[in-house]
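work21.pdb, holding PDB, C-alpha atoms:
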ATOM      1  CA  MET A  25     -97.662 129.567-192.112
ATOM      2  CA  SER A  26     -99.799 132.094-190.185
ATOM      3  CA  ARG A  27    -101.857 129.472-188.308
ATOM      4  CA  ARG A  28    -100.645 126.802-185.930
ATOM      5  CA  PRO A  29     -99.491 123.717-187.884
ATOM      6  CA  THR A  30    -101.584 120.572-187.550
ATOM      7  CA  LEU A  31    -100.877 116.866-187.744
ATOM      8  CA  TYR A  32    -102.301 116.932-191.269
ATOM      9  CA  ASP A  33     -99.698 119.551-192.278
ATOM     10  CA  VAL A  34     -96.903 117.364-190.899
ATOM     11  CA  ALA A  35     -98.185 114.332-192.799
ATOM     12  CA  GLU A  36     -98.484 116.327-196.018
ATOM     13  CA  ARG A  37     -94.968 117.747-195.684
ATOM     14  CA  ALA A  38     -93.528 114.258-195.033
ATOM     15  CA  GLY A  39     -95.585 112.656-197.796
ATOM     16  CA  VAL A  40     -97.278 110.106-195.517
ATOM     17  CA  SER A  41    -100.733 109.427-194.149
ATOM     18  CA  LYS A  42    -102.041 111.266-191.079
ATOM     19  CA  SER A  43    -102.302 107.988-189.157
ATOM     20  CA  LEU A  44     -98.665 107.097-189.902
ATOM     21  CA  ALA A  45     -97.547 110.563-188.811
ATOM     22  CA  SER A  46     -99.490 110.146-185.583
ATOM     23  CA  LEU A  47     -97.861 106.783-184.865
ATOM     24  CA  ALA A  48     -94.394 108.183-185.511
ATOM     25  CA  LEU A  49     -94.911 111.147-183.190
ATOM     26  CA  GLN A  50     -96.088 108.753-180.470
ATOM     27  CA  GLY A  51     -92.841 106.788-180.817
ATOM     28  CA  SER A  52     -94.474 103.651-182.211
ATOM     29  CA  PRO A  53     -92.012 100.905-183.262
ATOM     30  CA  LYS A  54     -94.352 100.042-186.145
ATOM     31  CA  VAL A  55     -93.039 102.973-188.182
ATOM     32  CA  ALA A  56     -90.037 102.366-190.435
ATOM     33  CA  PRO A  57     -86.962 104.401-189.457
ATOM     34  CA  SER A  58     -86.852 106.268-192.770
ATOM     35  CA  SER A  59     -90.506 107.315-192.464
ATOM     36  CA  ARG A  60     -90.105 108.282-188.835
ATOM     37  CA  ASP A  61     -87.082 110.474-189.648
ATOM     38  CA  ALA A  62     -89.020 112.223-192.423
ATOM     39  CA  ILE A  63     -92.010 112.807-190.160
ATOM     40  CA  LEU A  64     -89.935 114.143-187.270
ATOM     41  CA  ALA A  65     -88.039 116.423-189.640
ATOM     42  CA  ALA A  66     -91.317 117.761-191.044
ATOM     43  CA  ALA A  67     -92.676 118.384-187.544
ATOM     44  CA  ASP A  68     -89.490 120.241-186.598
ATOM     45  CA  GLU A  69     -89.542 122.364-189.762
ATOM     46  CA  LEU A  70     -93.169 123.351-189.220
ATOM     47  CA  GLY A  71     -92.825 123.924-185.495
ATOM     48  CA  TYR A  72     -95.565 121.396-184.818
ATOM     49  CA  ARG A  73     -96.596 120.757-181.203
ATOM     50  CA  PRO A  74     -98.830 117.755-180.477
ATOM     51  CA  ASN A  75    -102.239 118.421-178.949
ATOM     52  CA  ARG A  76    -101.768 116.652-175.629
ATOM     53  CA  THR A  77    -105.408 117.015-174.646
ATOM     54  CA  ALA A  78    -106.638 115.313-177.797
ATOM     55  CA  SER A  79    -103.966 112.636-177.498
ATOM     56  CA  SER A  80    -104.921 111.899-173.909
ATOM     57  CA  LEU A  81    -108.568 111.487-174.884
ATOM     58  CA  VAL A  82    -107.601 108.917-177.480
ATOM     59  CA  ARG A  83    -105.255 107.033-175.144
ATOM     60  CA  GLN A  84    -107.423 107.653-172.054
ATOM     61  CA  ARG A  85    -104.250 108.744-170.262
ATOM     62  CA  THR A  86    -102.779 112.153-169.502
ATOM     63  CA  SER A  87     -99.335 111.032-168.264
ATOM     64  CA  THR A  88     -99.640 113.863-165.757
ATOM     65  CA  ILE A  89     -99.471 113.815-161.976
ATOM     66  CA  GLY A  90    -100.786 116.530-159.709
ATOM     67  CA  VAL A  91     -98.563 117.924-156.950
ATOM     68  CA  HIS A  92     -99.892 119.857-153.977
ATOM     69  CA  ILE A  93     -97.345 121.829-151.975
ATOM     70  CA  LEU A  94     -98.223 123.216-148.550
ATOM     71  CA  ASP A  95     -96.292 126.462-148.766
ATOM     72  CA  LEU A  96     -94.384 127.880-151.729
ATOM     73  CA  HIS A  97     -92.377 130.132-149.411
ATOM     74  CA  ASN A  98     -90.675 127.250-147.599
ATOM     75  CA  PRO A  99     -87.532 126.088-149.449
ATOM     76  CA  VAL A 100     -87.874 122.626-147.861
ATOM     77  CA  PHE A 101     -90.950 121.883-149.940
ATOM     78  CA  ALA A 102     -89.281 123.238-153.068
ATOM     79  CA  GLU A 103     -86.388 120.813-152.609
ATOM     80  CA  ILE A 104     -88.813 117.901-152.222
ATOM     81  CA  LEU A 105     -90.601 119.109-155.361
ATOM     82  CA  ASP A 106     -87.303 119.024-157.265
ATOM     83  CA  GLY A 107     -87.043 115.309-156.527
ATOM     84  CA  VAL A 108     -90.654 114.625-157.513
ATOM     85  CA  GLN A 109     -90.295 116.375-160.849
ATOM     86  CA  GLU A 110     -86.917 114.810-161.619
ATOM     87  CA  ARG A 111     -88.215 111.273-161.146
ATOM     88  CA  ALA A 112     -91.570 111.987-162.791
ATOM     89  CA  ARG A 113     -89.786 113.144-165.949
ATOM     90  CA  GLN A 114     -87.627 110.037-165.927
ATOM     91  CA  ARG A 115     -90.779 107.918-165.799
ATOM     92  CA  GLY A 116     -92.532 109.782-168.589
ATOM     93  CA  TYR A 117     -94.840 112.014-166.560
ATOM     94  CA  SER A 118     -95.330 115.755-166.416
ATOM     95  CA  THR A 119     -96.546 117.605-163.319
ATOM     96  CA  LEU A 120     -99.233 120.148-162.450
ATOM     97  CA  LEU A 121     -98.534 122.158-159.298
ATOM     98  CA  VAL A 122    -100.960 123.808-156.870
ATOM     99  CA  THR A 123    -100.716 125.208-153.348
ATOM    100  CA  GLY A 124    -103.353 125.545-150.691
ATOM    101  CA  ASN A 125    -101.425 127.948-148.412
ATOM    102  CA  ALA A 126    -101.980 125.632-145.421
ATOM    103  CA  ASP A 127    -105.745 126.214-145.547
ATOM    104  CA  PRO A 128    -107.761 122.942-145.671
ATOM    105  CA  SER A 129    -110.630 124.446-147.655
ATOM    106  CA  THR A 130    -108.327 125.981-150.264
ATOM    107  CA  GLU A 131    -106.292 122.782-150.444
ATOM    108  CA  ARG A 132    -109.402 120.748-151.154
ATOM    109  CA  THR A 133    -110.503 123.163-153.888
ATOM    110  CA  GLU A 134    -107.098 123.158-155.559
ATOM    111  CA  ILE A 135    -106.745 119.383-155.450
ATOM    112  CA  THR A 136    -110.264 118.976-156.835
ATOM    113  CA  GLY A 137    -109.123 121.162-159.737
ATOM    114  CA  LEU A 138    -106.220 118.793-160.353
ATOM    115  CA  LEU A 139    -108.614 115.851-160.478
ATOM    116  CA  GLU A 140    -110.821 117.731-162.931
ATOM    117  CA  SER A 141    -107.726 118.073-165.112
ATOM    118  CA  ARG A 142    -107.612 114.268-165.110
ATOM    119  CA  VAL A 143    -104.241 113.824-163.422
ATOM    120  CA  GLU A 144    -103.345 110.161-162.990
ATOM    121  CA  GLY A 145    -102.157 110.530-159.408
ATOM    122  CA  LEU A 146    -101.442 112.972-156.591
ATOM    123  CA  VAL A 147     -98.357 113.805-154.546
ATOM    124  CA  LEU A 148     -99.214 115.828-151.450
ATOM    125  CA  ILE A 149     -96.103 117.572-150.120
ATOM    126  CA  ALA A 150     -97.554 118.179-146.663
ATOM    127  CA  HIS A 151    -101.190 119.168-146.217
ATOM    128  CA  ARG A 152    -103.849 120.167-143.710
ATOM    129  CA  LEU A 153    -106.561 117.847-145.059
ATOM    130  CA  SER A 154    -108.726 115.610-142.913
ATOM    131  CA  ASP A 155    -108.411 111.821-143.047
ATOM    132  CA  ALA A 156    -111.815 111.732-144.744
ATOM    133  CA  ASP A 157    -110.533 114.030-147.510
ATOM    134  CA  LEU A 158    -107.455 111.847-147.980
ATOM    135  CA  GLU A 159    -109.586 108.716-148.272
ATOM    136  CA  GLU A 160    -111.835 110.410-150.815
ATOM    137  CA  PHE A 161    -108.951 111.510-153.030
ATOM    138  CA  ALA A 162    -107.164 108.158-152.726
ATOM    139  CA  ARG A 163    -110.317 106.379-153.887
ATOM    140  CA  GLU A 164    -110.295 108.463-157.040
ATOM    141  CA  VAL A 165    -106.593 108.345-157.969
ATOM    142  CA  PRO A 166    -103.378 106.887-156.507
ATOM    143  CA  THR A 167    -102.069 109.285-153.858
ATOM    144  CA  VAL A 168     -98.795 109.722-151.968
ATOM    145  CA  VAL A 169     -98.317 111.867-148.853
ATOM    146  CA  VAL A 170     -94.831 113.263-148.225
ATOM    147  CA  THR A 171     -93.502 114.392-144.811
ATOM    148  CA  TRP A 172     -95.467 112.090-142.529
ATOM    149  CA  ARG A 173     -96.599 108.494-142.278
ATOM    150  CA  THR A 174    -100.149 107.623-143.294
ATOM    151  CA  ASP A 175    -101.251 104.031-142.833
ATOM    152  CA  GLY A 176    -104.398 102.095-143.502
ATOM    153  CA  VAL A 177    -105.906 104.112-146.361
ATOM    154  CA  PRO A 178    -106.349 101.981-149.509
ATOM    155  CA  GLY A 179    -104.656 103.516-152.529
ATOM    156  CA  LEU A 180    -102.493 105.837-150.424
ATOM    157  CA  ASP A 181     -98.736 105.576-149.845
ATOM    158  CA  SER A 182     -96.457 107.790-147.764
ATOM    159  CA  VAL A 183     -92.827 108.761-147.253
ATOM    160  CA  SER A 184     -91.272 110.675-144.365
ATOM    161  CA  GLY A 185     -88.419 110.931-141.955
ATOM    162  CA  ASP A 186     -88.647 109.914-138.308
ATOM    163  CA  ASP A 187     -89.319 113.246-136.618
ATOM    164  CA  GLU A 188     -89.140 111.945-133.062
ATOM    165  CA  HIS A 189     -85.818 110.232-133.723
ATOM    166  CA  GLY A 190     -84.437 113.289-135.480
ATOM    167  CA  ALA A 191     -85.313 115.521-132.543
ATOM    168  CA  ARG A 192     -83.563 113.119-130.172
ATOM    169  CA  LEU A 193     -80.477 113.357-132.383
ATOM    170  CA  ALA A 194     -80.527 117.143-131.972
ATOM    171  CA  VAL A 195     -80.630 116.829-128.177
ATOM    172  CA  ASP A 196     -77.889 114.172-128.217
ATOM    173  CA  HIS A 197     -75.685 116.497-130.251
ATOM    174  CA  LEU A 198     -76.142 119.475-127.945
ATOM    175  CA  ALA A 199     -75.852 117.405-124.758
ATOM    176  CA  ALA A 200     -72.582 115.940-126.040
ATOM    177  CA  LEU A 201     -71.300 119.521-126.296
ATOM    178  CA  GLY A 202     -72.021 120.028-122.604
ATOM    179  CA  HIS A 203     -75.285 121.943-122.881
ATOM    180  CA  GLU A 204     -77.892 121.412-120.185
ATOM    181  CA  ARG A 205     -80.240 124.366-120.689
ATOM    182  CA  ILE A 206     -81.411 123.238-124.127
ATOM    183  CA  VAL A 207     -84.643 125.039-124.990
ATOM    184  CA  HIS A 208     -86.955 123.858-127.757
ATOM    185  CA  VAL A 209     -88.773 126.396-129.948
ATOM    186  CA  THR A 210     -91.803 124.529-131.304
ATOM    187  CA  GLY A 211     -93.319 124.578-134.781
ATOM    188  CA  GLY A 212     -96.852 125.289-133.578
ATOM    189  CA  ASP A 213     -99.840 122.998-133.234
ATOM    190  CA  ASN A 214     -99.500 120.494-136.055
ATOM    191  CA  ARG A 215     -98.575 116.850-136.376
ATOM    192  CA  ILE A 216     -94.932 117.260-137.352
ATOM    193  CA  ALA A 217     -94.287 119.883-134.667
ATOM    194  CA  ARG A 218     -95.836 117.644-132.025
ATOM    195  CA  GLU A 219     -93.654 114.701-133.045
ATOM    196  CA  ARG A 220     -90.493 116.810-132.949
ATOM    197  CA  ARG A 221     -91.450 118.157-129.540
ATOM    198  CA  ALA A 222     -92.035 114.614-128.278
ATOM    199  CA  GLY A 223     -88.600 113.564-129.526
ATOM    200  CA  TYR A 224     -86.998 116.560-127.826
ATOM    201  CA  GLU A 225     -88.670 115.679-124.513
ATOM    202  CA  GLN A 226     -87.599 112.041-124.850
ATOM    203  CA  GLY A 227     -84.025 113.115-125.561
ATOM    204  CA  MET A 228     -83.904 115.465-122.593
ATOM    205  CA  ALA A 229     -85.237 112.733-120.290
ATOM    206  CA  ALA A 230     -82.637 110.289-121.594
ATOM    207  CA  HIS A 231     -79.882 112.730-120.614
ATOM    208  CA  GLY A 232     -81.433 113.516-117.236
ATOM    209  CA  LEU A 233     -82.144 117.101-118.290
ATOM    210  CA  GLU A 234     -85.182 119.251-117.591
ATOM    211  CA  PRO A 235     -87.073 120.088-120.785
ATOM    212  CA  TYR A 236     -88.068 123.674-121.476
ATOM    213  CA  VAL A 237     -90.414 124.386-124.384
ATOM    214  CA  VAL A 238     -91.473 127.737-125.825
ATOM    215  CA  ASP A 239     -94.098 128.331-128.483
ATOM    216  CA  GLY A 240     -93.061 129.124-132.026
ATOM    217  CA  SER A 241     -94.083 128.273-135.576
ATOM    218  CA  PHE A 242     -92.601 126.941-138.801
ATOM    219  CA  THR A 243     -91.819 130.514-139.903
ATOM    220  CA  GLU A 244     -88.965 132.977-139.522
ATOM    221  CA  SER A 245     -91.118 135.238-137.348
ATOM    222  CA  GLY A 246     -92.102 132.297-135.141
ATOM    223  CA  GLY A 247     -88.477 131.321-134.706
ATOM    224  CA  TYR A 248     -87.481 134.908-133.936
ATOM    225  CA  ALA A 249     -90.140 135.387-131.239
ATOM    226  CA  GLY A 250     -89.545 131.942-129.754
ATOM    227  CA  ALA A 251     -85.812 132.510-129.559
ATOM    228  CA  LEU A 252     -86.277 135.757-127.620
ATOM    229  CA  THR A 253     -88.467 133.944-125.088
ATOM    230  CA  ALA A 254     -85.915 131.137-124.825
ATOM    231  CA  LEU A 255     -83.096 133.597-124.175
ATOM    232  CA  ASP A 256     -85.087 135.191-121.372
ATOM    233  CA  ALA A 257     -85.348 131.677-119.878
ATOM    234  CA  GLY A 258     -81.556 131.348-119.794
ATOM    235  CA  ALA A 259     -81.019 129.042-122.779
ATOM    236  CA  THR A 260     -77.447 128.150-123.687
ATOM    237  CA  ALA A 261     -78.657 126.158-126.692
ATOM    238  CA  LEU A 262     -81.713 126.304-128.951
ATOM    239  CA  PHE A 263     -83.268 123.429-130.826
ATOM    240  CA  VAL A 264     -85.679 125.055-133.291
ATOM    241  CA  ALA A 265     -88.432 123.008-134.920
ATOM    242  CA  ASN A 266     -87.475 123.690-138.535
ATOM    243  CA  ASP A 267     -84.818 125.420-140.601
ATOM    244  CA  LEU A 268     -86.948 128.376-141.635
ATOM    245  CA  ALA A 269     -87.652 129.169-137.986
ATOM    246  CA  ALA A 270     -83.953 128.622-137.195
ATOM    247  CA  ILE A 271     -83.121 131.475-139.580
ATOM    248  CA  GLY A 272     -85.455 133.698-137.564
ATOM    249  CA  ALA A 273     -83.844 132.492-134.335
ATOM    250  CA  LEU A 274     -80.399 133.301-135.709
ATOM    251  CA  ALA A 275     -81.562 136.865-136.408
ATOM    252  CA  ALA A 276     -82.893 137.159-132.854
ATOM    253  CA  LEU A 277     -79.582 136.037-131.381
ATOM    254  CA  ARG A 278     -77.663 138.547-133.436
ATOM    255  CA  ASP A 279     -80.109 141.348-132.588
ATOM    256  CA  ARG A 280     -79.466 140.591-128.914
ATOM    257  CA  GLY A 281     -75.750 140.979-129.573
ATOM    258  CA  LEU A 282     -75.029 137.314-128.824
ATOM    259  CA  ARG A 283     -72.356 135.237-130.521
ATOM    260  CA  VAL A 284     -73.217 131.922-132.141
ATOM    261  CA  PRO A 285     -72.142 129.433-130.882
ATOM    262  CA  GLU A 286     -69.930 131.042-128.211
ATOM    263  CA  ASP A 287     -72.880 132.453-126.262
ATOM    264  CA  VAL A 288     -75.777 130.334-127.563
ATOM    265  CA  ALA A 289     -75.697 127.252-129.780
ATOM    266  CA  LEU A 290     -78.350 126.745-132.453
ATOM    267  CA  VAL A 291     -79.730 123.667-134.243
ATOM    268  CA  GLY A 292     -82.512 123.588-136.857
ATOM    269  CA  TYR A 293     -84.357 120.747-138.535
ATOM    270  CA  ASP A 294     -84.927 119.684-142.158
ATOM    271  CA  GLY A 295     -81.631 120.115-143.966
ATOM    272  CA  MET A 296     -82.477 122.764-146.523
ATOM    273  CA  ARG A 297     -79.520 123.930-148.617
ATOM    274  CA  LEU A 298     -79.730 127.547-147.466
ATOM    275  CA  LEU A 299     -78.467 126.645-143.986
ATOM    276  CA  GLU A 300     -75.137 125.566-145.422
ATOM    277  CA  SER A 301     -74.317 129.130-146.463
ATOM    278  CA  LEU A 302     -75.519 130.398-143.069
ATOM    279  CA  ASP A 303     -73.295 127.845-141.291
ATOM    280  CA  VAL A 304     -76.207 126.559-139.180
ATOM    281  CA  THR A 305     -76.314 123.029-137.781
ATOM    282  CA  THR A 306     -79.409 121.057-138.745
ATOM    283  CA  VAL A 307     -81.033 117.667-138.462
ATOM    284  CA  ALA A 308     -81.061 116.865-142.151
ATOM    285  CA  GLN A 309     -83.522 114.841-144.156
ATOM    286  CA  PRO A 310     -82.669 113.868-147.753
ATOM    287  CA  LEU A 311     -85.306 116.197-149.179
ATOM    288  CA  ALA A 312     -84.868 115.587-152.906
ATOM    289  CA  GLU A 313     -84.667 111.851-152.234
ATOM    290  CA  MET A 314     -88.013 112.039-150.432
ATOM    291  CA  GLY A 315     -89.471 113.534-153.594
ATOM    292  CA  ARG A 316     -87.941 110.847-155.799
ATOM    293  CA  VAL A 317     -89.258 108.094-153.528
ATOM    294  CA  ALA A 318     -92.720 109.684-153.601
ATOM    295  CA  ALA A 319     -92.723 109.745-157.407
ATOM    296  CA  ASP A 320     -91.564 106.119-157.490
ATOM    297  CA  LEU A 321     -94.346 105.046-155.135
ATOM    298  CA  LEU A 322     -96.945 106.927-157.138
ATOM    299  CA  THR A 323     -95.952 105.703-160.586
ATOM    300  CA  ASP A 324     -95.643 102.150-159.271
ATOM    301  CA  ARG A 325     -99.189 102.363-157.906
ATOM    302  CA  ILE A 326    -100.482 103.822-161.168
ATOM    303  CA  ALA A 327     -99.048 100.736-162.880
ATOM    304  CA  GLN A 328    -100.306  98.371-160.130
ATOM    305  CA  PRO A 329    -103.319 100.035-158.479
ATOM    306  CA  GLY A 330    -104.332  97.045-156.346
ATOM    307  CA  ARG A 331    -101.163  96.674-154.301
ATOM    308  CA  GLU A 332    -101.072  97.247-150.534
ATOM    309  CA  SER A 333    -100.273 100.663-149.087
ATOM    310  CA  THR A 334     -96.559 101.305-148.642
ATOM    311  CA  TYR A 335     -94.652 103.499-146.203
ATOM    312  CA  ARG A 336     -91.022 104.462-146.813
ATOM    313  CA  ARG A 337     -88.920 106.094-144.115
ATOM    314  CA  VAL A 338     -85.803 108.076-144.972
ATOM    315  CA  GLU A 339     -82.934 108.464-142.558
ATOM    316  CA  THR A 340     -82.167 111.671-140.687
ATOM    317  CA  ARG A 341     -78.751 112.782-139.471
ATOM    318  CA  VAL A 342     -77.162 115.735-137.742
ATOM    319  CA  VAL A 343     -75.139 117.939-140.059
ATOM    320  CA  ALA A 344     -72.890 119.800-137.628
ATOM    321  CA  ARG A 345     -71.796 123.294-138.654
ATOM    322  CA  GLY A 346     -70.525 126.404-136.963
ATOM    323  CA  SER A 347     -73.705 127.299-135.063
ATOM    324  CA  SER A 348     -73.300 124.483-132.530
ATOM    325  CA  GLY A 349     -70.344 124.506-130.174
ATOM    326  CA  PRO A 350     -69.554 123.559-126.567
ATOM    327  CA  ARG A 351     -71.097 125.407-123.662
ATOM    328  CA  ARG A 352     -68.602 127.784-122.156
ATOM    329  CA  GLY A 353     -66.734 126.139-119.306
ATOM    330  CA  ALA A 354     -68.320 122.729-119.958
ATOM    331  CA  ALA A 355     -66.540 119.549-120.889
ATOM    332  CA  ARG A 356     -67.892 117.510-123.751
ATOM    333  CA  ARG A 357     -69.649 114.292-122.817
TER     334      ARG A 357
END

Have the structure of the file written as structure tokens, please.
Amino acid sequence: MSRRPTLYDVAERAGVSKSLASLALQGSPKVAPSSRDAILAAADELGYRPNRTASSLVRQRTSTIGVHILDLHNPVFAEILDGVQERARQRGYSTLLVTGNADPSTERTEITGLLESRVEGLVLIAHRLSDADLEEFAREVPTVVVTWRTDGVPGLDSVSGDDEHGARLAVDHLAALGHERIVHVTGGDNRIARERRAGYEQGMAAHGLEPYVVDGSFTESGGYAGALTALDAGATALFVANDLAAIGALAALRDRGLRVPEDVALVGYDGMRLLESLDVTTVAQPLAEMGRVAADLLTDRIAQPGRESTYRRVETRVVARGSSGPRRGAARR
């Protein structure tokens, strides 16, 4: 057959009506097993692929969710996406993926395109949108924000870790190793970075230590530059705002000829898998689990659109590896 096979071709090959073939391919229990087997065999022989667009128009459902990801270059977001897609498939949904490259205008355009494709809901894996934009999208379709808490917007749920608490855990870990000159390399001027900085400052105060903060960003280059500034300030330990920046900081330490952790200890934040092979300590979030929880929240809201907004918090923990060790000459606390 030179043309693409149609539903009519499948029905003709199986010797049934077009409507019966359609029911069988939709998994309807109304079709007798023998007929269903014949129809599925005919579809397989012909290489038939259902027209999902036409089917969705008939059912007034697309069984598709849109996923916006802040930055495709950050493995953290990819690991969250893995969880979203895994759970979405289990619940009978496919996904459409877009990225806005951390630009609010581009994000809005890309998400509007998802809505024009008639997705049934949105998962926003981080974003730079305004609250007004979030409210607008949530009015149109169920929406879930991943990576920070969003309360009070009807139709919008959220899932995140506790960034302030996680940062305090990082300070606790380094202080217990005897470090006092613990310098924080920030993630820039954004909500998550501010919360992690606040947790660092709270942790330092709790241990009676003087905080020292240097500017950075959630990038390898930001971590590299911030680490060099921190070293000039006499740091014996670095708490870097995310794992990607921690990789940059690790490069800076090695370029300075310093040993890790003998000369300077290093802790990142997020828990991406890559840091395991680099032997870098991190404050880990269950990234794939965050994605699965987000997909659960979204599909539950699609099924029950009127329910109250829900926030789910996942637990963070320090995963200690070879990059964090005791300060030379210091006793552990």

### Task
Give as a PyMOL selection string the residues that the PyMOL selection byres ((chain A and resi 56-67) around 7) matches when applied to the coordinates above.
chain A and resi 34-35+37-38+45+48+54-55+68-72

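We find CA of Leu299 in chain A and CA of Leu96 in chain A to be spaced 17.7 Å apart.
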
### Query
Which protein, DNA or RNA residues are at most 7 Å from (-89.1, 116.8, -130.1) in the file's coordinates when you count all atoms listed in the file, listed as a PyMOL selection string?
chain A and resi 188+191-192+219-225

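Considering only C-alpha atoms, the residue among A:Ala230, A:Leu255, A:Leu120, A:Val304 positioned nearest to Ala276 in chain A is A:Leu255.
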
Would you compute, for all listed atoms of range 301-314 of chain A, the axis-aligned bounding box grown by 3 Å on each side, and then report its centre and edge lengths in Å rounded to one decimal, as JSON?
{"center_x": -80.7, "center_y": 121.1, "center_z": -145.3, "size_x": 20.7, "size_y": 24.5, "size_z": 21.1}

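On the file presented, the PyMOL selection byres ((chain A and resi 282-290) around 6) picks out Thr260, Ala261, Leu262, Leu277, Arg278, Arg280, Gly281, Val291, Ser347, Ser348 and Gly349 of chain A.
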
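Those residues positioned at most 9 Å from (-103.1, 104.9, -149.2) are A:Leu158, A:Glu159, A:Ala162, A:Arg163, A:Pro166, A:Thr167, A:Val168, A:Val169, A:Thr174, A:Asp175, A:Gly176, A:Val177, A:Pro178, A:Gly179, A:Leu180, A:Asp181, A:Ser182, A:Glu332, A:Ser333, A:Thr334, judged using all atoms listed in the file.
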
### Task
I would like the residues chosen by the PyMOL selection byres ((chain A and resi 116) around 12) on the shown file; could you give them as number ranges by chain?
A: 85-89, 109-115, 117-119, 319-320, 323

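Across the structure, CA of Asn266 in chain A and CA of Gly292 in chain A are spaced 5.2 Å apart.
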
### Message
Env of Asn98 in chain A: 12 Å cut, atoms = only C-alpha atoms, seq-sep filter 2 positions within chain, self excluded. Answer as a PyMOL selection string.
### Response
chain A and resi 93-96+100-105+123+125-126+149-150+242-244+266-269+271+294+296-298

### Task
For CA of Gly211 in chain A and CA of Gly107 in chain A, quote the distance in Å rounded to one decimal.
24.5 Å

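Minimum atom-to-atom distance to Gly232 in chain A, evaluated using all atoms listed in the file, belongs to A:Arg205 out of A:Arg205, A:Arg316, A:Arg215, A:Arg352.
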
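Each of A:Gly90, A:Pro53, A:Gly124, A:Gly145 was compared to Ile326 in chain A using all atoms listed in the file, and A:Gly145 turns out to be the nearest.
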
### Nearby residues (all atoms listed in the file) at most 9 Å from Val317 in chain A, same-chain spacing under 3 positions excluded, as a PyMOL selection string
chain A and resi 107-108+111+183+312-314+320-322+336

Output the selection as a short mmCIF file (atom, residue, chain, number, x, y, z; two decimals), in the frame of the given file - C-alpha atoms for each residue.
data_model
loop_
_atom_site.label_atom_id
_atom_site.label_comp_id
_atom_site.auth_asym_id
_atom_site.auth_seq_id
_atom_site.Cartn_x
_atom_site.Cartn_y
_atom_site.Cartn_z
CA GLY A 107 -87.04 115.31 -156.53
CA VAL A 108 -90.65 114.62 -157.51
CA ARG A 111 -88.22 111.27 -161.15
CA VAL A 183 -92.83 108.76 -147.25
CA ALA A 312 -84.87 115.59 -152.91
CA GLU A 313 -84.67 111.85 -152.23
CA MET A 314 -88.01 112.04 -150.43
CA ASP A 320 -91.56 106.12 -157.49
CA LEU A 321 -94.35 105.05 -155.14
CA LEU A 322 -96.94 106.93 -157.14
CA ARG A 336 -91.02 104.46 -146.81
#

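Using only C-alpha atoms, the residues found no farther than 7 Å from Pro128 in chain A, other than those of its own chain fewer than 2 positions away, are A:Ala126, A:Thr130, A:Glu131, A:Arg132, A:Arg152, A:Leu153.
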
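Every protein or nucleic acid residue with an atom no more than 12 Å from His231 in chain A, counting all atoms listed in the file and leaving out same-chain residues fewer than 2 positions away, appears here: Arg192, Leu193, Val195, Asp196, His197, Leu198, Ala199, Ala200, Gly202, His203, Glu204, Arg205, Ile206, Tyr224, Glu225, Gln226, Gly227, Met228, Ala229, Leu233, Glu234, Pro235 and Arg357 of chain A.
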
### Which residue of A:Val238, A:Val264, A:Val207, A:Val170 approaches Leu311 in chain A most closely, using all atoms listed in the file
A:Val170

### Query
Using all atoms listed in the file, which residue out of A:Ala217, A:Trp172, A:Val209, A:Asp239 lies closest to Ala273 in chain A?
A:Val209

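Between Val343 in chain A and the candidates A:Thr210, A:Gln328, A:Thr306, A:Ser245, the tightest atom-to-atom separation, counting only C-alpha atoms, involves A:Thr306.
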
Could range 302-311 of chain A be completed with N, CA and C atoms and returned as a compact mmCIF listing (two decimals), in the coordinates of the input?
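File rebuild.txt, as written:
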# COMPACT_ATOMS: atom_id res chain seq x y z
N LEU A 302 -75.40 129.69 -144.33
CA LEU A 302 -75.52 130.40 -143.07
C LEU A 302 -74.73 129.73 -141.95
N ASP A 303 -74.13 128.58 -142.25
CA ASP A 303 -73.30 127.84 -141.29
C ASP A 303 -74.08 127.42 -140.05
N VAL A 304 -75.32 126.97 -140.28
CA VAL A 304 -76.21 126.56 -139.18
C VAL A 304 -76.33 125.04 -139.15
N THR A 305 -76.14 124.47 -137.98
CA THR A 305 -76.31 123.03 -137.78
C THR A 305 -77.79 122.66 -137.94
N THR A 306 -78.03 121.49 -138.53
CA THR A 306 -79.41 121.06 -138.74
C THR A 306 -79.51 119.55 -138.66
N VAL A 307 -80.70 119.09 -138.32
CA VAL A 307 -81.03 117.67 -138.46
C VAL A 307 -81.56 117.50 -139.88
N ALA A 308 -80.78 116.87 -140.72
CA ALA A 308 -81.06 116.86 -142.15
C ALA A 308 -81.84 115.64 -142.59
N GLN A 309 -82.83 115.90 -143.43
CA GLN A 309 -83.52 114.84 -144.16
C GLN A 309 -83.09 114.93 -145.62
N PRO A 310 -83.02 113.81 -146.33
CA PRO A 310 -82.67 113.87 -147.75
C PRO A 310 -83.89 114.33 -148.56
N LEU A 311 -84.05 115.64 -148.67
CA LEU A 311 -85.31 116.20 -149.18
C LEU A 311 -85.60 115.80 -150.63
